[in-house]
>>> print(open('upload-v2.tsv').read())   # TSV, C-alpha atoms and all ligand atoms
chain	number	residue	atom	x	y	z
N	13	MET	CA	109.77	98.04	131.83
N	14	THR	CA	106.05	97.36	131.72
N	15	GLN	CA	104.97	93.99	130.39
N	16	PRO	CA	102.87	94.02	127.23
N	17	THR	CA	99.30	92.80	127.78
N	18	TYR	CA	96.14	92.26	125.76
N	19	ASP	CA	94.78	95.53	127.18
N	20	GLY	CA	97.80	97.14	125.56
N	21	VAL	CA	96.83	95.52	122.25
N	22	LEU	CA	93.32	96.97	122.60
N	23	ALA	CA	94.75	100.43	123.32
N	24	ALA	CA	97.06	100.09	120.30
N	25	ALA	CA	94.10	99.13	118.10
N	26	ARG	CA	92.37	102.38	119.10
N	27	ARG	CA	95.52	104.49	118.54
N	28	ILE	CA	96.26	103.16	115.07
N	29	GLU	CA	92.67	102.84	113.87
N	30	ALA	CA	92.50	106.11	111.95
N	31	HIS	CA	95.99	105.65	110.43
N	32	ALA	CA	96.64	101.97	109.66
N	33	HIS	CA	94.81	99.94	107.03
N	34	ARG	CA	92.54	97.18	108.24
N	35	THR	CA	94.16	94.73	105.82
N	36	PRO	CA	92.11	92.18	103.88
N	37	VAL	CA	91.93	88.47	104.74
N	38	MET	CA	92.29	86.50	101.52
N	39	ARG	CA	91.42	82.92	100.61
N	40	SER	CA	92.50	80.64	97.77
N	41	ARG	CA	90.68	77.51	96.59
N	42	THR	CA	93.95	76.18	95.24
N	43	LEU	CA	95.61	76.59	98.61
N	44	ASP	CA	92.66	75.09	100.48
N	45	ALA	CA	92.78	72.10	98.11
N	46	GLU	CA	96.55	71.73	98.52
N	47	LEU	CA	96.31	71.60	102.32
N	48	GLY	CA	92.83	70.10	102.66
N	49	ALA	CA	92.22	72.97	105.07
N	50	SER	CA	90.55	76.35	105.05
N	51	VAL	CA	93.35	78.88	104.98
N	52	HIS	CA	92.95	82.57	105.88
N	53	LEU	CA	95.75	84.87	104.78
N	54	LYS	CA	96.04	88.18	106.65
N	55	CYS	CA	97.60	90.45	104.04
N	56	GLU	CA	99.99	92.74	105.89
N	57	ASN	CA	101.88	93.08	102.60
N	58	LEU	CA	99.01	95.48	101.87
N	59	GLN	CA	99.53	97.44	105.10
N	60	ARG	CA	100.74	101.05	104.91
N	61	MET	CA	104.42	101.15	103.90
N	62	GLY	CA	104.08	97.48	103.00
N	63	ALA	CA	104.40	95.61	106.30
N	64	PHE	CA	102.82	95.08	109.74
N	65	LYS	CA	105.69	97.10	111.27
N	66	PHE	CA	103.65	100.27	110.79
N	67	ARG	CA	101.35	99.05	113.58
N	68	GLY	CA	104.02	98.80	116.26
N	69	ALA	CA	105.95	101.89	115.22
N	70	PHE	CA	102.91	104.13	115.08
N	71	ASN	CA	101.70	102.83	118.43
N	72	ALA	CA	105.09	103.36	120.09
N	73	LEU	CA	105.56	106.87	118.68
N	74	SER	CA	102.06	108.03	119.49
N	75	SER	CA	102.52	106.81	123.10
N	76	LEU	CA	105.46	109.19	123.68
N	77	GLU	CA	105.10	112.31	125.82
N	78	PRO	CA	105.10	115.69	124.01
N	79	ALA	CA	108.67	116.63	125.02
N	80	ARG	CA	110.02	113.32	123.72
N	81	ARG	CA	108.05	113.66	120.52
N	82	LYS	CA	109.58	117.03	119.89
N	83	ALA	CA	113.17	115.80	120.34
N	84	GLY	CA	112.55	112.98	117.87
N	85	VAL	CA	113.30	109.28	117.57
N	86	VAL	CA	116.04	106.98	116.32
N	87	ALA	CA	115.58	103.43	115.04
N	88	PHE	CA	117.84	100.69	113.72
N	89	SER	CA	116.48	98.20	111.24
N	90	SER	CA	117.18	96.10	108.18
N	91	GLY	CA	114.35	97.91	106.51
N	92	ASN	CA	110.68	97.64	107.38
N	93	HIS	CA	110.93	98.92	110.94
N	94	ALA	CA	112.94	101.86	109.61
N	95	GLN	CA	110.28	102.75	107.07
N	96	ALA	CA	107.57	102.29	109.66
N	97	VAL	CA	109.26	104.65	112.11
N	98	ALA	CA	110.00	107.18	109.36
N	99	LEU	CA	106.40	107.21	108.14
N	100	SER	CA	104.90	107.26	111.65
N	101	ALA	CA	107.21	110.13	112.61
N	102	ARG	CA	106.11	112.09	109.57
N	103	LEU	CA	102.43	111.49	110.35
N	104	LEU	CA	103.01	112.59	113.95
N	105	ASP	CA	105.20	115.52	112.90
N	106	MET	CA	108.38	114.27	114.63
N	107	PRO	CA	112.00	114.08	113.39
N	108	ALA	CA	113.36	110.55	112.78
N	109	THR	CA	116.94	109.26	112.38
N	110	ILE	CA	117.27	105.74	110.93
N	111	LEU	CA	120.29	103.42	111.19
N	112	MET	CA	120.36	100.98	108.28
N	113	PRO	CA	122.79	98.24	107.22
N	114	HIS	CA	124.96	99.13	104.19
N	115	ASP	CA	123.48	96.17	102.26
N	116	ALA	CA	119.80	96.84	102.99
N	117	PRO	CA	117.62	96.43	99.88
N	118	ALA	CA	117.77	99.59	97.78
N	119	ALA	CA	113.98	99.94	97.70
N	120	LYS	CA	113.81	99.93	101.50
N	121	MET	CA	116.53	102.54	101.85
N	122	ALA	CA	114.97	104.80	99.22
N	123	ALA	CA	111.53	104.44	100.79
N	124	THR	CA	112.89	105.34	104.23
N	125	ARG	CA	114.40	108.53	102.84
N	126	GLY	CA	111.21	109.17	100.90
N	127	TYR	CA	109.20	109.07	104.14
N	128	GLY	CA	111.45	111.81	105.49
N	129	GLY	CA	113.77	109.72	107.66
N	130	GLN	CA	117.41	110.78	107.97
N	131	VAL	CA	119.40	107.61	107.09
N	132	VAL	CA	122.73	106.68	108.77
N	133	VAL	CA	124.47	103.57	107.35
N	134	TYR	CA	126.46	100.86	109.25
N	135	ASP	CA	128.08	97.49	108.42
N	136	ARG	CA	125.75	94.76	109.62
N	137	TYR	CA	128.45	92.08	109.74
N	138	ARG	CA	131.00	94.17	111.70
N	139	GLU	CA	129.28	96.83	113.77
N	140	ASP	CA	126.87	96.61	116.69
N	141	ARG	CA	123.80	98.54	115.62
N	142	GLU	CA	122.32	98.54	119.10
N	143	GLN	CA	125.38	100.28	120.48
N	144	ILE	CA	125.47	102.83	117.66
N	145	GLY	CA	121.76	103.51	118.20
N	146	ARG	CA	122.16	103.95	121.94
N	147	GLU	CA	125.08	106.35	121.50
N	148	LEU	CA	123.20	108.43	118.96
N	149	ALA	CA	120.14	108.54	121.22
N	150	GLU	CA	122.21	109.69	124.18
N	151	ARG	CA	124.21	112.28	122.27
N	152	GLU	CA	121.20	113.93	120.63
N	153	GLY	CA	118.46	113.33	123.20
N	154	LEU	CA	116.50	111.06	120.85
N	155	THR	CA	114.22	108.24	121.96
N	156	LEU	CA	115.39	104.86	120.67
N	157	ILE	CA	112.54	102.80	119.21
N	158	PRO	CA	113.72	99.19	119.06
N	159	PRO	CA	112.28	96.96	116.32
N	160	TYR	CA	110.75	94.32	118.59
N	161	ASP	CA	111.74	94.40	122.26
N	162	HIS	CA	109.46	97.22	123.37
N	163	PRO	CA	106.02	96.91	125.03
N	164	GLU	CA	104.21	99.37	122.75
N	165	VAL	CA	105.81	97.87	119.64
N	166	ILE	CA	104.71	94.38	120.70
N	167	CYS	CA	101.16	95.57	121.48
N	168	GLY	CA	100.93	97.35	118.12
N	169	GLN	CA	102.06	94.23	116.25
N	170	GLY	CA	99.39	92.23	118.12
N	171	THR	CA	96.65	94.21	116.40
N	172	ALA	CA	97.12	92.25	113.14
N	173	ALA	CA	96.21	88.91	114.73
N	174	LYS	CA	93.43	90.64	116.70
N	175	GLU	CA	91.89	91.86	113.44
N	176	LEU	CA	92.21	88.38	111.95
N	177	PHE	CA	90.42	86.69	114.88
N	178	ASP	CA	87.80	89.47	114.98
N	179	GLU	CA	87.08	88.87	111.30
N	180	VAL	CA	87.18	85.07	110.96
N	181	GLY	CA	86.58	83.84	114.53
N	182	GLU	CA	88.55	81.08	116.23
N	183	LEU	CA	91.13	79.15	114.25
N	184	ASP	CA	92.82	75.80	114.86
N	185	ALA	CA	96.31	77.04	114.00
N	186	LEU	CA	98.04	80.35	113.32
N	187	PHE	CA	101.41	80.69	111.54
N	188	VAL	CA	103.48	83.81	112.19
N	189	PRO	CA	106.86	84.88	110.72
N	190	LEU	CA	109.51	85.21	113.43
N	191	GLY	CA	112.52	87.51	113.66
N	192	GLY	CA	113.00	89.10	117.06
N	193	GLY	CA	109.51	88.06	118.11
N	194	GLY	CA	107.53	91.31	118.24
N	195	LEU	CA	104.91	90.04	115.81
N	196	LEU	CA	104.79	86.57	117.39
N	197	SER	CA	104.52	87.77	121.00
N	198	GLY	CA	101.88	90.38	120.08
N	199	SER	CA	99.96	87.68	118.19
N	200	ALA	CA	100.25	85.46	121.27
N	201	LEU	CA	98.53	88.10	123.42
N	202	ALA	CA	95.67	88.35	120.90
N	203	ARG	CA	95.45	84.57	120.58
N	204	ARG	CA	95.26	84.07	124.36
N	205	ALA	CA	92.33	86.50	124.60
N	206	LEU	CA	90.41	85.71	121.42
N	207	ALA	CA	91.23	82.13	120.38
N	208	PRO	CA	92.75	80.28	123.35
N	209	HIS	CA	92.46	76.89	121.66
N	210	CYS	CA	94.31	77.97	118.53
N	211	GLU	CA	97.77	76.44	118.11
N	212	LEU	CA	100.39	79.12	117.53
N	213	TYR	CA	103.52	78.57	115.42
N	214	GLY	CA	106.42	80.96	114.96
N	215	VAL	CA	108.37	80.42	111.74
N	216	GLU	CA	111.98	81.51	111.22
N	217	PRO	CA	114.52	80.99	108.42
N	218	GLU	CA	116.26	77.60	108.47
N	219	ALA	CA	119.65	79.39	108.38
N	220	GLY	CA	118.90	81.22	111.62
N	221	ASP	CA	116.94	78.96	113.98
N	222	ASP	CA	117.92	80.76	117.19
N	223	GLY	CA	114.25	81.02	118.22
N	224	ARG	CA	113.69	77.29	118.01
N	225	ARG	CA	116.91	76.64	119.89
N	226	SER	CA	115.94	79.19	122.54
N	227	LEU	CA	112.60	77.46	123.02
N	228	ARG	CA	114.30	74.07	123.37
N	229	SER	CA	117.01	75.28	125.75
N	230	GLY	CA	114.86	77.61	127.86
N	231	SER	CA	117.11	80.63	127.47
N	232	ILE	CA	117.80	83.15	124.70
N	233	VAL	CA	120.28	81.73	122.16
N	234	HIS	CA	122.44	84.24	120.25
N	235	ILE	CA	123.68	83.47	116.72
N	236	GLU	CA	125.71	85.16	113.98
N	237	THR	CA	123.67	87.18	111.46
N	238	PRO	CA	122.15	84.38	109.36
N	239	ARG	CA	122.58	84.44	105.58
N	240	THR	CA	119.12	84.02	104.13
N	241	ILE	CA	116.87	85.74	101.60
N	242	ALA	CA	114.48	86.47	104.51
N	243	ASP	CA	116.13	89.81	105.28
N	244	GLY	CA	113.37	90.86	107.70
N	245	ALA	CA	114.21	87.91	109.97
N	246	GLN	CA	118.00	88.13	110.08
N	247	THR	CA	117.89	88.79	113.80
N	248	GLN	CA	120.54	87.33	116.09
N	249	HIS	CA	118.37	86.69	119.14
N	250	LEU	CA	114.89	87.00	120.64
N	251	GLY	CA	114.20	89.85	123.08
N	252	ASN	CA	113.99	89.99	126.86
N	253	LEU	CA	110.32	90.94	126.56
N	254	THR	CA	109.39	88.75	123.59
N	255	PHE	CA	111.07	85.52	124.72
N	256	PRO	CA	109.11	84.92	127.97
N	257	ILE	CA	105.81	85.45	126.10
N	258	ILE	CA	106.89	83.19	123.25
N	259	ARG	CA	108.11	80.53	125.67
N	260	ARG	CA	104.85	80.59	127.60
N	261	GLU	CA	102.46	80.82	124.65
N	262	VAL	CA	103.70	79.22	121.45
N	263	THR	CA	102.99	75.64	120.40
N	264	ASP	CA	106.30	75.38	118.55
N	265	ILE	CA	108.81	77.23	116.40
N	266	LEU	CA	109.27	75.91	112.86
N	267	THR	CA	111.65	76.81	110.05
N	268	ALA	CA	111.46	77.34	106.30
N	269	SER	CA	114.32	77.10	103.80
N	270	ASP	CA	115.12	79.78	101.23
N	271	SER	CA	113.90	77.52	98.41
N	272	GLU	CA	110.58	76.96	100.22
N	273	LEU	CA	110.24	80.73	100.57
N	274	VAL	CA	110.83	81.23	96.85
N	275	ASP	CA	108.32	78.51	96.06
N	276	THR	CA	105.70	80.18	98.25
N	277	MET	CA	106.51	83.62	96.84
N	278	ARG	CA	105.87	82.24	93.36
N	279	PHE	CA	102.60	80.62	94.45
N	280	LEU	CA	101.32	83.87	95.98
N	281	ALA	CA	102.29	85.89	92.90
N	282	GLU	CA	101.00	83.44	90.29
N	283	ARG	CA	97.84	82.22	91.94
N	284	MET	CA	96.79	85.13	94.13
N	285	LYS	CA	98.45	88.12	92.45
N	286	LEU	CA	100.09	89.01	95.74
N	287	VAL	CA	103.61	90.42	96.02
N	288	VAL	CA	105.01	89.11	99.31
N	289	GLU	CA	108.65	89.54	100.34
N	290	PRO	CA	110.65	86.41	101.30
N	291	THR	CA	110.28	87.04	105.06
N	292	GLY	CA	106.56	87.52	104.59
N	293	CYS	CA	106.31	83.99	103.16
N	294	LEU	CA	107.72	82.21	106.25
N	295	GLY	CA	104.33	81.38	107.79
N	296	LEU	CA	102.74	80.02	104.64
N	297	ALA	CA	105.88	78.07	103.69
N	298	ALA	CA	105.77	76.29	107.07
N	299	ALA	CA	102.05	75.57	106.79
N	300	ARG	CA	102.64	74.04	103.37
N	301	ARG	CA	105.49	71.95	104.73
N	302	MET	CA	103.25	70.73	107.58
N	303	GLY	CA	100.73	69.63	104.95
N	304	ALA	CA	98.62	66.64	105.99
N	305	GLN	CA	98.68	67.54	109.68
N	306	LEU	CA	96.46	70.53	108.87
N	307	ARG	CA	93.81	68.50	107.02
N	308	GLY	CA	90.28	69.59	107.94
N	309	LYS	CA	91.51	72.51	110.03
N	310	ARG	CA	90.88	76.25	110.00
N	311	VAL	CA	94.24	77.86	109.53
N	312	GLY	CA	95.42	81.46	109.78
N	313	VAL	CA	98.64	82.78	108.25
N	314	LEU	CA	100.15	86.24	108.65
N	315	LEU	CA	101.70	87.40	105.37
N	316	SER	CA	103.86	89.93	107.17
N	317	GLY	CA	105.14	92.19	104.40
N	318	GLY	CA	105.60	92.86	100.71
N	319	ASN	CA	108.64	95.10	100.41
N	320	VAL	CA	110.93	93.57	97.82
N	321	ASP	CA	112.70	95.28	94.91
N	322	MET	CA	110.99	94.24	91.69
N	323	ALA	CA	114.38	93.40	90.13
N	324	ARG	CA	115.15	91.19	93.16
N	325	PHE	CA	111.68	89.64	93.00
N	326	ALA	CA	112.19	88.72	89.34
N	327	GLU	CA	115.68	87.41	90.06
N	328	LEU	CA	114.47	85.16	92.88
N	329	LEU	CA	111.57	83.80	90.85
N	330	GLY	CA	113.71	83.33	87.76
N	331	THR	CA	116.35	81.13	89.36
N	332	SER	CA	114.42	78.11	90.56
T	1	LIG	C1	110.23	92.52	110.98
T	1	LIG	C2	109.58	91.54	110.10
T	1	LIG	C3	109.31	90.23	110.54
T	1	LIG	C4	109.75	89.73	111.89
T	1	LIG	O1	109.10	90.42	112.94
T	1	LIG	P1	109.64	90.36	114.43
T	1	LIG	O2	108.69	91.19	115.20
T	1	LIG	O3	111.04	90.89	114.44
T	1	LIG	O4	109.64	88.92	114.83
T	1	LIG	C5	108.62	89.39	109.69
T	1	LIG	N1	108.24	89.78	108.46
T	1	LIG	C6	108.48	91.02	108.00
T	1	LIG	C7	108.02	91.38	106.65
T	1	LIG	C8	109.16	91.95	108.80
T	1	LIG	O5	109.40	93.18	108.34
>>> encode(input="upload-v2.tsv", output="structure tokens")
Amino acid sequence: MTQPTYDGVLAAARRIEAHAHRTPVMRSRTLDAELGASVHLKCENLQRMGAFKFRGAFNALSSLEPARRKAGVVAFSSGNHAQAVALSARLLDMPATILMPHDAPAAKMAATRGYGGQVVVYDRYREDREQIGRELAEREGLTLIPPYDHPEVICGQGTAAKELFDEVGELDALFVPLGGGGLLSGSALARRALAPHCELYGVEPEAGDDGRRSLRSGSIVHIETPRTIADGAQTQHLGNLTFPIIRREVTDILTASDSELVDTMRFLAERMKLVVEPTGCLGLAAARRMGAQLRGKRVGVLLSGGNVDMARFAELLGTS
């Protein structure tokens, strides 16, 4: 498998340019005052289909050869990757089959179907989605598009950080939500090329700190599916492609608790009128926890997505 590189990120940027939104970078005086820093929020909650995942999926699908395109693709995902593959497939006129956990948020499942994806459901606590996906791909000649451990997916995800650095210049620190590490490793490639002095932090849910443990131990740690409101980061392990890049490039991996995520979700909604899903709040929650250490610094945060049922959003904000 070819290793993802910054050249790959540049190629991805060209491929997605006419299709993805160049998302806004937002600031908040309240946030700057809270941290004593200048904070730049890259709003991937405002990306097409509501998350950065569109970047990687579109890049991976548009890199396929014509025969593979025609046969179609299959993806497994707790939600955003599924929607991203379904939408990209529709834009590229390809069939898409999507494997989703039975308890995926209703809005994500409905949206995936709405984008034209054919949804197949599995039990995320009992069944191995990777195996089901591989079998389906083999049986029907489909190309499996994994959610993070794929060179073109990683390069596509790296275009968000590239846009951020292109727009605001070098930063002192960048905070990136972490699940399987596609977004973080892609961001690392962009950071190395465009802002080599910028510290880079991956942020995962406290209930599932496999990434941090992998970094400490030097090999990929596998865990049970963590129970957290950050449903986009309920991954069990980093990838064979993402881990070496993360190990080489990141400053550290931090965690955020569910209550910190809710607190940050409320802040973004109340003060900035931004709807950000729990997983999308990981980076900002960790920056806020770091607090004084960021004083006087230029800080970047990827708000990675905004797909949350409104009923769920209200429920989360109402209970704390
Ligand atoms: C998928 C996802 C993540 C985690 O991305 P990885 O590439 O798996 O690390 C973070 N936030 C949101 C909103 C996501 O959909």
>>> residues_near_ligand(input="upload-v2.tsv", ligand="ligand LIG 1 (chain T)", cutoff="6 Å", atoms="only C-alpha atoms and all ligand atoms", output="PDB file with C-alpha atoms, in the coordinates of the input")
ATOM      1  CA  ALA N  63     104.400  95.610 106.300  1.00  0.00           C
ATOM      2  CA  ASN N  92     110.680  97.640 107.380  1.00  0.00           C
ATOM      3  CA  TYR N 160     110.750  94.320 118.590  1.00  0.00           C
ATOM      4  CA  PRO N 189     106.860  84.880 110.720  1.00  0.00           C
ATOM      5  CA  LEU N 190     109.510  85.210 113.430  1.00  0.00           C
ATOM      6  CA  GLY N 191     112.520  87.510 113.660  1.00  0.00           C
ATOM      7  CA  GLY N 192     113.000  89.100 117.060  1.00  0.00           C
ATOM      8  CA  GLY N 193     109.510  88.060 118.110  1.00  0.00           C
ATOM      9  CA  GLY N 194     107.530  91.310 118.240  1.00  0.00           C
ATOM     10  CA  LEU N 195     104.910  90.040 115.810  1.00  0.00           C
ATOM     11  CA  LEU N 196     104.790  86.570 117.390  1.00  0.00           C
ATOM     12  CA  GLY N 244     113.370  90.860 107.700  1.00  0.00           C
ATOM     13  CA  ALA N 245     114.210  87.910 109.970  1.00  0.00           C
ATOM     14  CA  THR N 291     110.280  87.040 105.060  1.00  0.00           C
ATOM     15  CA  GLY N 292     106.560  87.520 104.590  1.00  0.00           C
ATOM     16  CA  SER N 316     103.860  89.930 107.170  1.00  0.00           C
ATOM     17  CA  GLY N 317     105.140  92.190 104.400  1.00  0.00           C
TER      18      GLY N 317
END
>>> residues_around(input="upload-v2.tsv", residues="Pro290 (chain N)", least_positions_apart="5", cutoff="10 Å", atoms="all atoms listed in the file", output="JSON, numbers by chain")
{"N": [217, 240, 241, 242, 243, 244, 245, 270, 271, 272, 273, 274, 275, 276, 277, 297, 315, 316, 317, 318, 319, 320, 325, 328]}
>>> write_last_selection(input="upload-v2.tsv", atoms="C-alpha atoms", output="compact mmCIF listing (two decimals), in the coordinates of the input")
# COMPACT_ATOMS: atom_id res chain seq x y z
CA PRO N 217 114.52 80.99 108.42
CA THR N 240 119.12 84.02 104.13
CA ILE N 241 116.87 85.74 101.60
CA ALA N 242 114.48 86.47 104.51
CA ASP N 243 116.13 89.81 105.28
CA GLY N 244 113.37 90.86 107.70
CA ALA N 245 114.21 87.91 109.97
CA ASP N 270 115.12 79.78 101.23
CA SER N 271 113.90 77.52 98.41
CA GLU N 272 110.58 76.96 100.22
CA LEU N 273 110.24 80.73 100.57
CA VAL N 274 110.83 81.23 96.85
CA ASP N 275 108.32 78.51 96.06
CA THR N 276 105.70 80.18 98.25
CA MET N 277 106.51 83.62 96.84
CA ALA N 297 105.88 78.07 103.69
CA LEU N 315 101.70 87.40 105.37
CA SER N 316 103.86 89.93 107.17
CA GLY N 317 105.14 92.19 104.40
CA GLY N 318 105.60 92.86 100.71
CA ASN N 319 108.64 95.10 100.41
CA VAL N 320 110.93 93.57 97.82
CA PHE N 325 111.68 89.64 93.00
CA LEU N 328 114.47 85.16 92.88
>>> closest_residue(input="upload-v2.tsv", among="N:Thr109, N:Ser229, N:Thr267, N:Asn57", to="Val97 (chain N)", atoms="all atoms listed in the file")
N:Thr109
>>> closest_residue(input="upload-v2.tsv", among="N:Asn71, N:Ser40, N:Ser199, N:Thr155", to="Leu176 (chain N)", atoms="only C-alpha atoms")
N:Ser199
>>> residues_near_point(input="upload-v2.tsv", point="(109.6, 104.9, 102.0)", cutoff="10 Å", atoms="only C-alpha atoms", output="PyMOL selection string")
chain N and resi 61-62+91-92+94-96+98-99+119-129+319
>>> residues_around(input="upload-v2.tsv", residues="Ser231 (chain N)", least_positions_apart="6", cutoff="12 Å", atoms="all atoms listed in the file", output="list in words")
Asp222, Gly223, Arg224, Arg225, His249, Leu250, Gly251, Asn252, Thr254, Phe255, Pro256, Ile258 and Arg259 of chain N
>>> atom_distance(input="upload-v2.tsv", atom1="CA of Gln143 (chain N)", atom2="CA of Leu294 (chain N)")
29.0 Å
>>> atom_distance(input="upload-v2.tsv", atom1="CA of Arg146 (chain N)", atom2="CA of Thr171 (chain N)")
27.9 Å
>>> residues_around(input="upload-v2.tsv", residues="Arg307 (chain N)", least_positions_apart="5", cutoff="12 Å", atoms="only C-alpha atoms", output="MDAnalysis selection string")
chainID N and resid 43:51 184:185 299:300 302
